[in-house]
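Colleague: Pasting work34.txt here (compact mmCIF, C-alpha atoms and all ligand atoms):
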# COMPACT_ATOMS: atom_id res chain seq x y z
CA MET A 18 -17.65 -17.57 14.78
CA SER A 19 -16.80 -20.61 12.64
CA THR A 20 -14.39 -20.16 9.75
CA SER A 21 -17.08 -20.73 7.15
CA LYS A 22 -19.39 -18.19 8.83
CA ALA A 23 -16.54 -15.68 8.89
CA ILE A 24 -15.85 -16.29 5.20
CA GLU A 25 -19.50 -15.70 4.37
CA LYS A 26 -19.64 -12.55 6.42
CA ALA A 27 -16.46 -11.17 4.89
CA TYR A 28 -17.86 -11.97 1.46
CA GLU A 29 -21.08 -10.06 2.16
CA LEU A 30 -19.08 -6.97 3.08
CA ALA A 31 -16.86 -7.35 0.03
CA ARG A 32 -19.90 -7.75 -2.20
CA GLN A 33 -21.27 -4.45 -0.89
CA ARG A 34 -17.97 -2.65 -1.31
CA TYR A 35 -17.57 -3.85 -4.91
CA GLY A 36 -21.20 -3.03 -5.57
CA GLU A 37 -20.46 0.62 -4.74
CA LEU A 38 -17.97 0.60 -7.62
CA GLY A 39 -20.40 -1.01 -10.04
CA VAL A 40 -18.76 -4.45 -9.82
CA ASP A 41 -20.93 -7.56 -9.44
CA THR A 42 -18.96 -10.13 -7.41
CA ASP A 43 -21.37 -13.00 -8.09
CA GLN A 44 -21.05 -12.44 -11.79
CA ALA A 45 -17.24 -12.29 -11.48
CA MET A 46 -17.20 -15.69 -9.73
CA ASP A 47 -19.52 -17.12 -12.31
CA ARG A 48 -17.23 -15.99 -15.14
CA LEU A 49 -14.19 -17.26 -13.26
CA SER A 50 -15.70 -20.72 -12.87
CA LYS A 51 -15.79 -21.04 -16.68
CA ILE A 52 -12.07 -20.41 -17.21
CA ALA A 53 -10.00 -23.58 -17.54
CA ILE A 54 -6.29 -23.54 -16.76
CA SER A 55 -4.17 -26.16 -18.48
CA LEU A 56 -2.01 -27.82 -15.83
CA HIS A 57 1.35 -28.91 -17.15
CA CYS A 58 2.04 -32.54 -16.29
CA TRP A 59 5.79 -31.92 -16.17
CA GLN A 60 5.85 -30.13 -12.80
CA GLY A 61 5.08 -33.53 -11.29
CA ASP A 62 8.32 -35.25 -12.26
CA ASP A 63 10.84 -32.59 -13.27
CA VAL A 64 10.14 -32.96 -17.02
CA GLY A 65 11.31 -36.58 -16.89
CA GLY A 66 8.51 -38.48 -18.62
CA PHE A 67 8.04 -42.23 -18.82
CA GLU A 68 9.90 -43.09 -21.97
CA ASN A 69 13.14 -44.07 -20.35
CA PRO A 70 13.94 -43.54 -16.67
CA ASP A 71 17.61 -42.93 -17.47
CA THR A 72 17.25 -40.11 -19.97
CA GLY A 73 18.32 -36.80 -18.53
CA LEU A 74 16.59 -33.53 -19.33
CA ASP A 75 18.22 -31.44 -22.06
CA GLY A 76 17.11 -28.98 -24.70
CA GLY A 77 18.59 -26.06 -22.81
CA ILE A 78 16.10 -26.21 -19.95
CA ALA A 79 16.93 -27.30 -16.41
CA VAL A 80 15.23 -28.32 -13.21
CA THR A 81 17.03 -27.83 -9.92
CA GLY A 82 16.28 -29.49 -6.60
CA SER A 83 15.87 -33.05 -5.42
CA TYR A 84 12.77 -32.93 -3.26
CA PRO A 85 11.78 -36.50 -2.48
CA GLY A 86 8.70 -38.29 -3.78
CA LYS A 87 8.51 -37.44 -7.47
CA ALA A 88 6.15 -39.49 -9.64
CA ARG A 89 7.90 -42.25 -11.58
CA VAL A 90 5.01 -44.00 -13.32
CA PRO A 91 1.78 -42.70 -14.87
CA ASP A 92 -0.41 -43.91 -12.00
CA GLN A 93 1.66 -41.94 -9.49
CA LEU A 94 1.52 -38.82 -11.61
CA ARG A 95 -2.25 -39.18 -11.93
CA ALA A 96 -2.62 -39.66 -8.19
CA ASP A 97 -0.58 -36.50 -7.62
CA LEU A 98 -2.72 -34.63 -10.10
CA ASP A 99 -5.89 -35.89 -8.40
CA LYS A 100 -4.61 -34.47 -5.12
CA THR A 101 -3.59 -31.21 -6.78
CA LEU A 102 -6.91 -30.75 -8.57
CA SER A 103 -8.82 -31.36 -5.34
CA LEU A 104 -7.20 -28.22 -3.92
CA ILE A 105 -7.88 -25.89 -6.85
CA PRO A 106 -11.30 -24.32 -7.50
CA GLY A 107 -12.89 -24.87 -10.92
CA LYS A 108 -12.70 -27.39 -13.77
CA HIS A 109 -9.40 -27.45 -15.59
CA ARG A 110 -7.30 -29.24 -18.22
CA LEU A 111 -4.24 -31.43 -18.36
CA ASN A 112 -1.34 -30.48 -20.59
CA LEU A 113 0.63 -33.61 -21.48
CA HIS A 114 4.01 -33.98 -23.19
CA ALA A 115 4.66 -36.82 -25.63
CA ILE A 116 7.24 -38.42 -23.31
CA TYR A 117 4.44 -39.15 -20.83
CA LEU A 118 3.14 -42.04 -22.91
CA ASP A 119 1.66 -44.95 -20.95
CA THR A 120 2.82 -48.22 -22.46
CA ASN A 121 5.10 -51.04 -21.42
CA ARG A 122 7.03 -51.43 -24.64
CA LYS A 123 9.49 -49.07 -26.25
CA VAL A 124 7.91 -46.80 -28.84
CA GLU A 125 9.96 -44.43 -30.96
CA ARG A 126 8.87 -40.81 -31.01
CA ASN A 127 8.05 -41.00 -34.71
CA ALA A 128 5.80 -44.00 -34.12
CA LEU A 129 3.59 -42.67 -31.33
CA GLU A 130 -0.10 -43.47 -31.60
CA PRO A 131 -3.25 -42.46 -29.76
CA GLU A 132 -3.30 -45.91 -28.11
CA HIS A 133 -0.21 -44.94 -26.10
CA PHE A 134 -2.27 -42.25 -24.40
CA THR A 135 -5.60 -43.97 -23.82
CA SER A 136 -5.09 -44.25 -20.05
CA TRP A 137 -4.63 -40.48 -19.87
CA VAL A 138 -7.73 -39.85 -21.91
CA GLN A 139 -9.78 -42.23 -19.76
CA TRP A 140 -8.52 -40.49 -16.65
CA ALA A 141 -9.32 -37.06 -18.11
CA LYS A 142 -12.80 -38.24 -19.09
CA ALA A 143 -13.48 -39.64 -15.65
CA ASN A 144 -12.47 -36.31 -14.12
CA GLY A 145 -14.25 -34.08 -16.64
CA LEU A 146 -11.00 -32.52 -17.84
CA GLY A 147 -9.95 -31.36 -21.29
CA MET A 148 -6.46 -32.15 -22.55
CA ASP A 149 -3.68 -30.36 -24.40
CA PHE A 150 -0.58 -31.90 -25.89
CA ASN A 151 3.06 -31.22 -26.80
CA GLY A 152 5.59 -32.88 -29.02
CA THR A 153 8.81 -33.60 -27.14
CA TYR A 154 11.67 -32.41 -29.34
CA PHE A 155 14.37 -32.79 -26.66
CA SER A 156 15.85 -35.36 -24.26
CA HIS A 157 16.52 -37.71 -27.17
CA PRO A 158 19.65 -38.84 -29.06
CA LYS A 159 18.26 -37.37 -32.28
CA ALA A 160 18.27 -33.93 -30.60
CA ASP A 161 21.85 -34.22 -29.36
CA SER A 162 23.22 -31.99 -32.12
CA GLY A 163 21.13 -29.15 -30.71
CA PHE A 164 18.93 -29.13 -33.81
CA THR A 165 15.68 -30.89 -34.62
CA LEU A 166 13.17 -29.42 -37.10
CA SER A 167 15.77 -26.93 -38.32
CA SER A 168 18.64 -29.40 -38.58
CA ALA A 169 20.73 -29.35 -41.73
CA ASP A 170 20.59 -33.17 -41.65
CA GLU A 171 17.63 -34.36 -43.67
CA GLY A 172 17.28 -37.61 -41.73
CA ILE A 173 17.08 -35.79 -38.40
CA ARG A 174 14.55 -33.36 -39.79
CA LYS A 175 12.44 -36.16 -41.21
CA PHE A 176 12.39 -37.97 -37.87
CA TRP A 177 11.13 -34.91 -36.03
CA ILE A 178 8.62 -34.02 -38.74
CA GLU A 179 7.17 -37.51 -38.33
CA HIS A 180 7.06 -36.93 -34.59
CA GLY A 181 5.14 -33.70 -35.15
CA ILE A 182 2.65 -35.45 -37.40
CA CYS A 183 2.09 -38.24 -34.83
CA CYS A 184 1.55 -35.68 -32.09
CA ARG A 185 -1.14 -33.81 -34.01
CA ARG A 186 -3.05 -37.04 -34.56
CA ILE A 187 -2.78 -37.84 -30.87
CA GLY A 188 -3.98 -34.32 -30.05
CA ALA A 189 -6.93 -34.71 -32.42
CA TYR A 190 -7.79 -38.01 -30.76
CA MET A 191 -7.77 -36.34 -27.34
CA GLY A 192 -9.93 -33.48 -28.59
CA ALA A 193 -12.45 -35.83 -30.21
CA GLU A 194 -12.66 -38.11 -27.18
CA LEU A 195 -13.03 -35.28 -24.68
CA GLY A 196 -15.28 -33.00 -26.74
CA THR A 197 -13.04 -29.94 -26.41
CA PRO A 198 -10.27 -28.90 -28.79
CA CYS A 199 -6.80 -30.04 -27.83
CA VAL A 200 -4.05 -27.47 -28.35
CA THR A 201 -0.90 -29.23 -29.53
CA ASN A 202 2.11 -27.02 -28.98
CA VAL A 203 5.41 -27.14 -30.84
CA TRP A 204 8.51 -25.98 -29.06
CA VAL A 205 11.94 -26.94 -30.37
CA PRO A 206 15.21 -26.18 -28.59
CA ASP A 207 17.16 -25.58 -31.82
CA GLY A 208 20.01 -23.13 -31.51
CA TYR A 209 23.72 -22.45 -31.34
CA LYS A 210 25.95 -21.90 -28.34
CA ASP A 211 28.17 -19.57 -30.32
CA ILE A 212 27.73 -17.03 -33.06
CA PRO A 213 26.55 -18.63 -36.30
CA ILE A 214 27.40 -17.50 -39.81
CA ASP A 215 24.07 -18.58 -41.23
CA ARG A 216 21.10 -17.29 -39.28
CA LEU A 217 18.69 -17.68 -42.15
CA GLY A 218 19.11 -21.30 -43.28
CA PRO A 219 17.86 -22.92 -40.06
CA ARG A 220 14.84 -20.61 -40.07
CA GLU A 221 13.96 -21.52 -43.63
CA ARG A 222 14.24 -25.18 -42.70
CA LEU A 223 12.11 -24.72 -39.57
CA ALA A 224 9.32 -23.02 -41.53
CA ASN A 225 9.43 -25.78 -44.11
CA SER A 226 9.35 -28.54 -41.47
CA LEU A 227 6.42 -26.90 -39.70
CA ASP A 228 4.54 -26.59 -42.99
CA GLN A 229 4.98 -30.32 -43.51
CA ILE A 230 3.80 -31.10 -39.97
CA PHE A 231 0.72 -28.89 -40.35
CA ALA A 232 -0.11 -30.05 -43.88
CA GLU A 233 -2.84 -32.43 -42.78
CA LYS A 234 -6.09 -30.51 -42.21
CA LEU A 235 -7.59 -31.20 -38.81
CA ASP A 236 -10.98 -30.08 -37.55
CA PRO A 237 -10.52 -27.01 -35.29
CA GLN A 238 -13.37 -28.37 -33.16
CA VAL A 239 -11.03 -31.10 -32.01
CA HIS A 240 -7.53 -29.78 -32.62
CA LEU A 241 -5.56 -26.52 -32.66
CA ASP A 242 -1.89 -25.90 -33.44
CA ALA A 243 0.36 -23.60 -31.44
CA VAL A 244 4.01 -22.60 -31.92
CA GLU A 245 6.24 -21.38 -29.08
CA SER A 246 9.14 -18.97 -29.46
CA LYS A 247 12.17 -18.60 -27.26
CA LEU A 248 15.07 -16.22 -26.72
CA PHE A 249 17.86 -18.56 -25.65
CA GLY A 250 18.53 -21.84 -23.88
CA ILE A 251 21.40 -23.20 -21.82
CA GLY A 252 24.01 -24.14 -24.39
CA ALA A 253 22.15 -22.20 -27.06
CA GLU A 254 22.93 -18.69 -25.89
CA SER A 255 23.84 -17.05 -29.19
CA TYR A 256 21.11 -18.08 -31.58
CA THR A 257 17.66 -19.64 -31.37
CA THR A 258 16.09 -20.65 -34.66
CA GLY A 259 12.54 -20.23 -33.35
CA SER A 260 12.78 -16.65 -32.13
CA HIS A 261 9.78 -14.43 -31.36
CA GLU A 262 9.94 -12.67 -34.72
CA PHE A 263 10.15 -16.02 -36.49
CA TYR A 264 7.08 -17.45 -34.83
CA LEU A 265 5.06 -14.26 -34.85
CA GLY A 266 5.54 -14.16 -38.60
CA TYR A 267 4.86 -17.87 -38.91
CA ALA A 268 1.70 -17.86 -36.82
CA ALA A 269 0.33 -14.73 -38.48
CA SER A 270 0.96 -16.03 -41.99
CA ARG A 271 -0.31 -19.57 -41.29
CA GLN A 272 -3.01 -18.50 -38.82
CA THR A 273 -1.91 -20.92 -36.12
CA LEU A 274 -2.01 -20.10 -32.44
CA LEU A 275 1.01 -18.30 -31.04
CA CYS A 276 2.36 -19.45 -27.70
CA LEU A 277 3.80 -16.74 -25.48
CA ASP A 278 5.91 -18.08 -22.63
CA ALA A 279 6.52 -15.48 -19.93
CA GLY A 280 10.15 -16.58 -19.59
CA HIS A 281 11.12 -16.38 -23.25
CA PHE A 282 11.90 -12.70 -23.66
CA HIS A 283 14.51 -10.16 -22.69
CA PRO A 284 14.48 -9.57 -18.93
CA THR A 285 12.57 -6.29 -19.04
CA GLU A 286 10.10 -7.44 -21.71
CA VAL A 287 6.73 -8.72 -20.51
CA ILE A 288 4.14 -10.79 -22.35
CA SER A 289 1.25 -8.81 -20.86
CA GLU A 290 2.29 -5.98 -23.16
CA LYS A 291 2.34 -8.23 -26.23
CA ILE A 292 -1.11 -9.80 -25.92
CA SER A 293 -3.16 -6.95 -27.39
CA SER A 294 -0.79 -6.65 -30.35
CA VAL A 295 -0.45 -10.27 -31.30
CA LEU A 296 -4.16 -11.00 -31.00
CA MET A 297 -4.76 -8.47 -33.76
CA PHE A 298 -2.92 -10.79 -36.14
CA VAL A 299 -3.19 -14.37 -34.89
CA PRO A 300 -6.53 -16.10 -34.27
CA GLU A 301 -5.86 -17.34 -30.75
CA LEU A 302 -3.15 -17.41 -28.13
CA LEU A 303 -1.62 -20.08 -25.96
CA LEU A 304 0.03 -18.77 -22.82
CA HIS A 305 2.79 -20.50 -20.94
CA VAL A 306 2.47 -18.64 -17.70
CA SER A 307 5.79 -18.93 -15.95
CA ARG A 308 8.09 -16.86 -13.72
CA PRO A 309 11.58 -16.10 -14.95
CA VAL A 310 14.01 -15.12 -12.20
CA ARG A 311 17.08 -13.54 -13.86
CA TRP A 312 16.75 -16.04 -16.72
CA ASP A 313 14.16 -18.48 -18.08
CA SER A 314 14.24 -20.25 -14.73
CA ASP A 315 10.62 -21.46 -14.69
CA HIS A 316 10.01 -20.63 -11.02
CA VAL A 317 6.58 -21.35 -9.57
CA VAL A 318 4.09 -18.69 -10.62
CA ILE A 319 3.20 -16.23 -7.87
CA LEU A 320 0.73 -13.36 -7.63
CA ASP A 321 3.14 -10.71 -8.86
CA ASP A 322 2.52 -7.60 -10.94
CA GLU A 323 3.11 -9.36 -14.25
CA LEU A 324 0.68 -12.16 -13.47
CA ARG A 325 -1.94 -9.57 -12.59
CA ALA A 326 -1.14 -7.62 -15.76
CA ILE A 327 -1.58 -10.74 -17.91
CA ALA A 328 -4.98 -11.42 -16.36
CA GLN A 329 -5.99 -7.77 -16.78
CA GLN A 330 -5.23 -7.89 -20.49
CA LEU A 331 -7.31 -11.01 -21.00
CA VAL A 332 -10.28 -9.66 -19.06
CA ARG A 333 -10.22 -6.00 -20.09
CA ASN A 334 -9.99 -6.82 -23.80
CA ASN A 335 -12.43 -9.69 -23.64
CA PHE A 336 -9.72 -12.09 -24.85
CA LEU A 337 -10.61 -15.02 -22.60
CA GLY A 338 -12.45 -16.76 -25.43
CA ARG A 339 -9.38 -16.59 -27.67
CA THR A 340 -6.74 -17.45 -25.08
CA HIS A 341 -5.73 -20.87 -23.82
CA ILE A 342 -4.07 -20.41 -20.45
CA GLY A 343 -1.36 -22.96 -19.77
CA LEU A 344 1.23 -23.02 -17.02
CA ASP A 345 4.90 -23.76 -17.49
CA PHE A 346 7.12 -24.01 -14.44
CA PHE A 347 9.09 -26.75 -12.77
CA ASP A 348 10.58 -26.61 -9.33
CA ALA A 349 12.06 -29.70 -7.71
CA SER A 350 13.25 -27.89 -4.59
CA ILE A 351 9.83 -27.86 -2.93
CA ASN A 352 6.92 -30.29 -2.70
CA ARG A 353 5.86 -30.69 -6.34
CA ILE A 354 2.15 -30.85 -5.57
CA ALA A 355 2.39 -27.67 -3.53
CA ALA A 356 4.18 -26.08 -6.49
CA TRP A 357 1.26 -26.94 -8.78
CA VAL A 358 -1.31 -25.78 -6.23
CA ILE A 359 0.45 -22.47 -5.51
CA GLY A 360 0.99 -21.63 -9.18
CA THR A 361 -2.49 -22.58 -10.34
CA ARG A 362 -4.28 -20.91 -7.44
CA CYS A 363 -2.29 -17.75 -8.14
CA MET A 364 -3.29 -17.80 -11.80
CA ILE A 365 -6.95 -18.14 -10.84
CA LYS A 366 -6.61 -15.43 -8.18
CA ALA A 367 -5.11 -13.06 -10.73
CA LEU A 368 -8.06 -13.70 -13.04
CA LEU A 369 -10.49 -13.09 -10.19
CA ILE A 370 -8.82 -9.80 -9.30
CA ALA A 371 -9.01 -8.74 -12.94
CA LEU A 372 -12.70 -9.73 -13.11
CA LEU A 373 -13.34 -7.64 -10.00
CA GLU A 374 -11.65 -4.54 -11.40
CA PRO A 375 -13.87 -1.45 -11.70
CA THR A 376 -12.83 -1.30 -15.34
CA GLU A 377 -15.73 0.85 -16.50
CA LYS A 378 -14.79 3.67 -14.12
CA LEU A 379 -11.15 3.42 -15.19
CA ARG A 380 -12.02 3.48 -18.87
CA GLN A 381 -14.22 6.49 -18.37
CA ALA A 382 -11.48 8.43 -16.59
CA GLU A 383 -9.09 7.61 -19.41
CA ALA A 384 -11.58 8.54 -22.13
CA GLU A 385 -12.14 11.89 -20.44
CA GLY A 386 -8.41 12.53 -20.29
CA ASP A 387 -8.62 12.50 -16.49
CA PHE A 388 -5.37 10.67 -15.85
CA THR A 389 -5.34 11.82 -12.24
CA SER A 390 -8.47 9.79 -11.54
CA ARG A 391 -7.17 6.87 -13.59
CA LEU A 392 -4.05 6.59 -11.45
CA ALA A 393 -5.88 7.23 -8.18
CA LEU A 394 -8.56 4.62 -8.90
CA LEU A 395 -6.03 2.05 -10.09
CA GLU A 396 -4.06 2.39 -6.87
CA GLU A 397 -7.15 2.28 -4.65
CA ALA A 398 -8.33 -0.81 -6.50
CA LYS A 399 -5.19 -2.63 -5.39
CA THR A 400 -6.48 -2.90 -1.83
CA LEU A 401 -10.09 -3.80 -2.54
CA PRO A 402 -11.19 -6.90 -0.59
CA TYR A 403 -10.66 -9.52 -3.32
CA GLY A 404 -9.27 -11.92 -0.71
CA ALA A 405 -12.73 -12.24 0.80
CA VAL A 406 -14.21 -13.07 -2.60
CA TRP A 407 -11.44 -15.59 -3.24
CA ASP A 408 -12.03 -17.40 0.06
CA TYR A 409 -15.75 -17.50 -0.61
CA TYR A 410 -15.17 -18.78 -4.16
CA CYS A 411 -12.95 -21.59 -2.82
CA THR A 412 -15.51 -22.59 -0.20
CA LYS A 413 -18.31 -22.52 -2.76
CA SER A 414 -16.19 -24.67 -5.07
CA ASP A 415 -15.62 -27.23 -2.30
CA VAL A 416 -11.89 -26.67 -2.06
CA PRO A 417 -9.92 -25.36 0.92
CA ALA A 418 -9.90 -21.59 1.48
CA GLY A 419 -6.79 -19.73 2.58
CA GLU A 420 -3.75 -21.77 3.58
CA SER A 421 -5.78 -24.75 4.76
CA TRP A 422 -4.84 -26.71 1.59
CA LEU A 423 -1.28 -26.96 2.85
CA ALA A 424 -2.14 -29.39 5.64
CA GLU A 425 -3.62 -31.71 3.00
CA VAL A 426 -0.45 -31.59 0.94
CA LYS A 427 1.64 -32.29 4.04
CA ALA A 428 -0.54 -35.27 4.90
CA TYR A 429 -0.24 -36.58 1.33
CA GLU A 430 3.51 -36.16 1.53
CA LYS A 431 3.63 -38.20 4.68
CA ASP A 432 1.23 -40.93 3.53
CA VAL A 433 2.10 -41.23 -0.14
CA LEU A 434 5.16 -39.32 -1.37
CA SER A 435 7.50 -40.35 1.41
CA GLN A 436 6.67 -44.01 0.73
CA ARG A 437 8.00 -43.79 -2.84
CA ALA A 438 11.44 -45.20 -3.57
C1 LIG B 501 11.04 -24.47 -22.89
C2 LIG B 501 9.61 -24.20 -23.18
C3 LIG B 501 8.72 -25.40 -23.21
C4 LIG B 501 8.99 -26.36 -22.08
C5 LIG B 501 7.99 -27.48 -21.98
C6 LIG B 501 8.49 -28.59 -21.13
O1 LIG B 501 11.75 -23.34 -22.63
O2 LIG B 501 9.11 -23.27 -22.26
O3 LIG B 501 7.39 -25.00 -23.21
O4 LIG B 501 9.06 -25.72 -20.87
O5 LIG B 501 7.62 -27.87 -23.22
ZN ZN B 502 6.99 -22.90 -22.39
Can you present the structure in this file as C-alpha cells?
Ligand code: RNT
Ligand code: ZN
Modeller:
Amino acid sequence: MSTSKAIEKAYELARQRYGELGVDTDQAMDRLSKIAISLHCWQGDDVGGFENPDTGLDGGIAVTGSYPGKARVPDQLRADLDKTLSLIPGKHRLNLHAIYLDTNRKVERNALEPEHFTSWVQWAKANGLGMDFNGTYFSHPKADSGFTLSSADEGIRKFWIEHGICCRRIGAYMGAELGTPCVTNVWVPDGYKDIPIDRLGPRERLANSLDQIFAEKLDPQVHLDAVESKLFGIGAESYTTGSHEFYLGYAASRQTLLCLDAGHFHPTEVISEKISSVLMFVPELLLHVSRPVRWDSDHVVILDDELRAIAQQLVRNNFLGRTHIGLDFFDASINRIAAWVIGTRCMIKALLIALLEPTEKLRQAEAEGDFTSRLALLEEAKTLPYGAVWDYYCTKSDVPAGESWLAEVKAYEKDVLSQRA
C-alpha cells in the first residue's frame, strides 16, 4: 500500500472511532484550517535583527548554540521562512520585531517608519500572510542601564516612548495593507539585579509611558495593542517593573490585549490556568507559546501536557476568536528551520487534539457530578487516533505528513544554509 493510501485508510478508521464519541473529524480539520499561528521571525537568527550586525543580544534574554547557517539579511530570513511555511499546514502570520527593518541606511529606533518594512509587507502579501509587530526595547545603548520605559531618566524614557509610537504606526500600516489587524506587542526588560528600595516609582513611570504610547487612537480593524509581563531576566533577578500583576491591571483598566508568555511565571505556574480568568477582564489575549526548562529558557515548543492544556482552554471555552496565538522560542543549537517547523507543527497538533476532544461527553459527566467518568474518559481520550487525523490533515494541506518534512530541511541545509558565510 502506498503511504498516501495508508494515510487515507487510517483516517477513515479514525473518523469512525471519533464518530462513535460524537466528534466530527472533518469539522475539526475545517476549524483547524482557520486558526493562524504567528511565527516569530527571531527564531531564524537568534534574535539578532538587521540593525547592526555587531550588536549582541541583551535585555536579560539569551540564545545558546552556534548552529551554522543563520540568516544574516532579510532575503535569507524570508527564504528560510518560505521553506518553513512550506512544511506547516494552514495559513499563518509573521511576527516581526522592529530590529528586522529592511533598509540600507542607519535609522534610529525613534525614527522608524512604515517604509522601512515595505519589503516585509510585500512578502507577506505575496504569501497571503498577516503580520504582527513588536517594539524592540533591548539590544541598544539606550537600554544599557537596564531601564527603558520605566527609566528615571526623562530623556531615556522619551526616546523609548517615541519608539513605541513609531511601532504602533508601523503596525497599523501592516494591518491596513494586509487587511487583518496587526497586534503590536510591548515587552520591556526593565528591572533590577538586586533588591530595590523603590518598587513603585518605576511602575508609575511605566504606566505613564504606556499611556503616552497608546494615546493615539488607532482603528482596531487594523491595529491592536498588547502588553507582555515577565517574572525576571538575566541580570534583573530581583525586580521586574512589568510584572504580571502590573500588566494585568494595566490591560484590564486600559482594555488592551494582555500577552501571556509561557516562560514568564514561577516554575510551577502555568498559563493554561490563567486564560479563563484573564479573558473575563481583558478583551483579547496574545499568547507567547514557549517552553521554559528550569527558567525562561525559550526551548522549542513540544507537544507536552501544558501545550495541550493551553489548546484545550482555547477550544473548550470558545476563546479562539479572542486569542492571538504567537510563538516565542529561540534555539541556536539545532537547525533553526527545523526548530520553527517542530514548534509550529506541535502548536497546530495540540489545537487539533483539543478540537477532537469529546468535550460534550466530558462536560456532561462533570455536570452530573460523575467524576469517575470524567477521569476515565479524559484518560481514554489521550490515546484516541489523532495521529491519523493529523497525517491526513497534512496531506490534504499539501505539506509533508509524519517525519517526511525532515528530509526537506536536511536538503535545504545542504543546498542553502551550509553555503552561507
Ligand atoms: C522576553 C519576551 C519577549 C521576547 C521577544 C524577542 O522574555 O518573551 O517576548 O522573547 O520579544
Ligand atoms: Zn515573549
Colleague: Figure out the distance between CA of Leu102 (chain A) and CA of Asp75 (chain A), please, to one decimal in Å.
Modeller: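 It comes out at 28.5 Å.
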Colleague: Measuring between all atoms listed in the file, which one of A:Val317, A:Leu434, A:Ala45, A:Val205 shows the shortest distance to ligand LIG 501 (chain B)?
Modeller: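 Of the candidates, the smallest distance to ligand LIG 501 (chain B) is held by A:Val205.
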Colleague: Please provide the set of residues having any atom within 10 Å of Met46 (chain A), restricted to all atoms listed in the file, with same-chain residues fewer than 3 positions apart removed, written as an mmCIF file with C-alpha atoms, in the coordinates of the input.
Modeller:
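After the write, around21.cif holds the following:
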data_model
loop_
_atom_site.group_PDB
_atom_site.id
_atom_site.type_symbol
_atom_site.label_atom_id
_atom_site.label_comp_id
_atom_site.auth_asym_id
_atom_site.auth_seq_id
_atom_site.Cartn_x
_atom_site.Cartn_y
_atom_site.Cartn_z
ATOM 1 C CA ASP A 41 -20.930 -7.560 -9.440
ATOM 2 C CA THR A 42 -18.960 -10.130 -7.410
ATOM 3 C CA ASP A 43 -21.370 -13.000 -8.090
ATOM 4 C CA LEU A 49 -14.190 -17.260 -13.260
ATOM 5 C CA SER A 50 -15.700 -20.720 -12.870
ATOM 6 C CA LYS A 51 -15.790 -21.040 -16.680
ATOM 7 C CA LEU A 368 -8.060 -13.700 -13.040
ATOM 8 C CA LEU A 369 -10.490 -13.090 -10.190
ATOM 9 C CA LEU A 372 -12.700 -9.730 -13.110
ATOM 10 C CA LEU A 373 -13.340 -7.640 -10.000
ATOM 11 C CA VAL A 406 -14.210 -13.070 -2.600
ATOM 12 C CA TRP A 407 -11.440 -15.590 -3.240
ATOM 13 C CA TYR A 409 -15.750 -17.500 -0.610
ATOM 14 C CA TYR A 410 -15.170 -18.780 -4.160
ATOM 15 C CA LYS A 413 -18.310 -22.520 -2.760
#
Colleague: Using all atoms listed in the file, which residues have at least one atom no more than 10 Å from ligand LIG 501 (chain B)? Output them as an NGL selection string.
Modeller: :A and (57-60 or 63-65 or 74 or 76-79 or 112-115 or 150-155 or 202-206 or 244-251 or 276-281 or 304-307 or 313-315 or 343-347)
Colleague: Tell me which protein, DNA and RNA residues are within 10 Å of region 290-294 of chain A, counting only C-alpha atoms, leaving out same-chain ones fewer than 4 positions away, and put them as a PyMOL selection string.
Modeller: chain A and resi 277+286+298-299+302+304+323+326-327+330-331+334+336+340
Colleague: Tell me, as an MDAnalysis selection string, which residues lie within 10 Å of Thr135 (chain A), counting only C-alpha atoms; anything in the same chain fewer than 5 positions away does not count.
Modeller: chainID A and resid 118:120 130 140:141 187 190:191 194
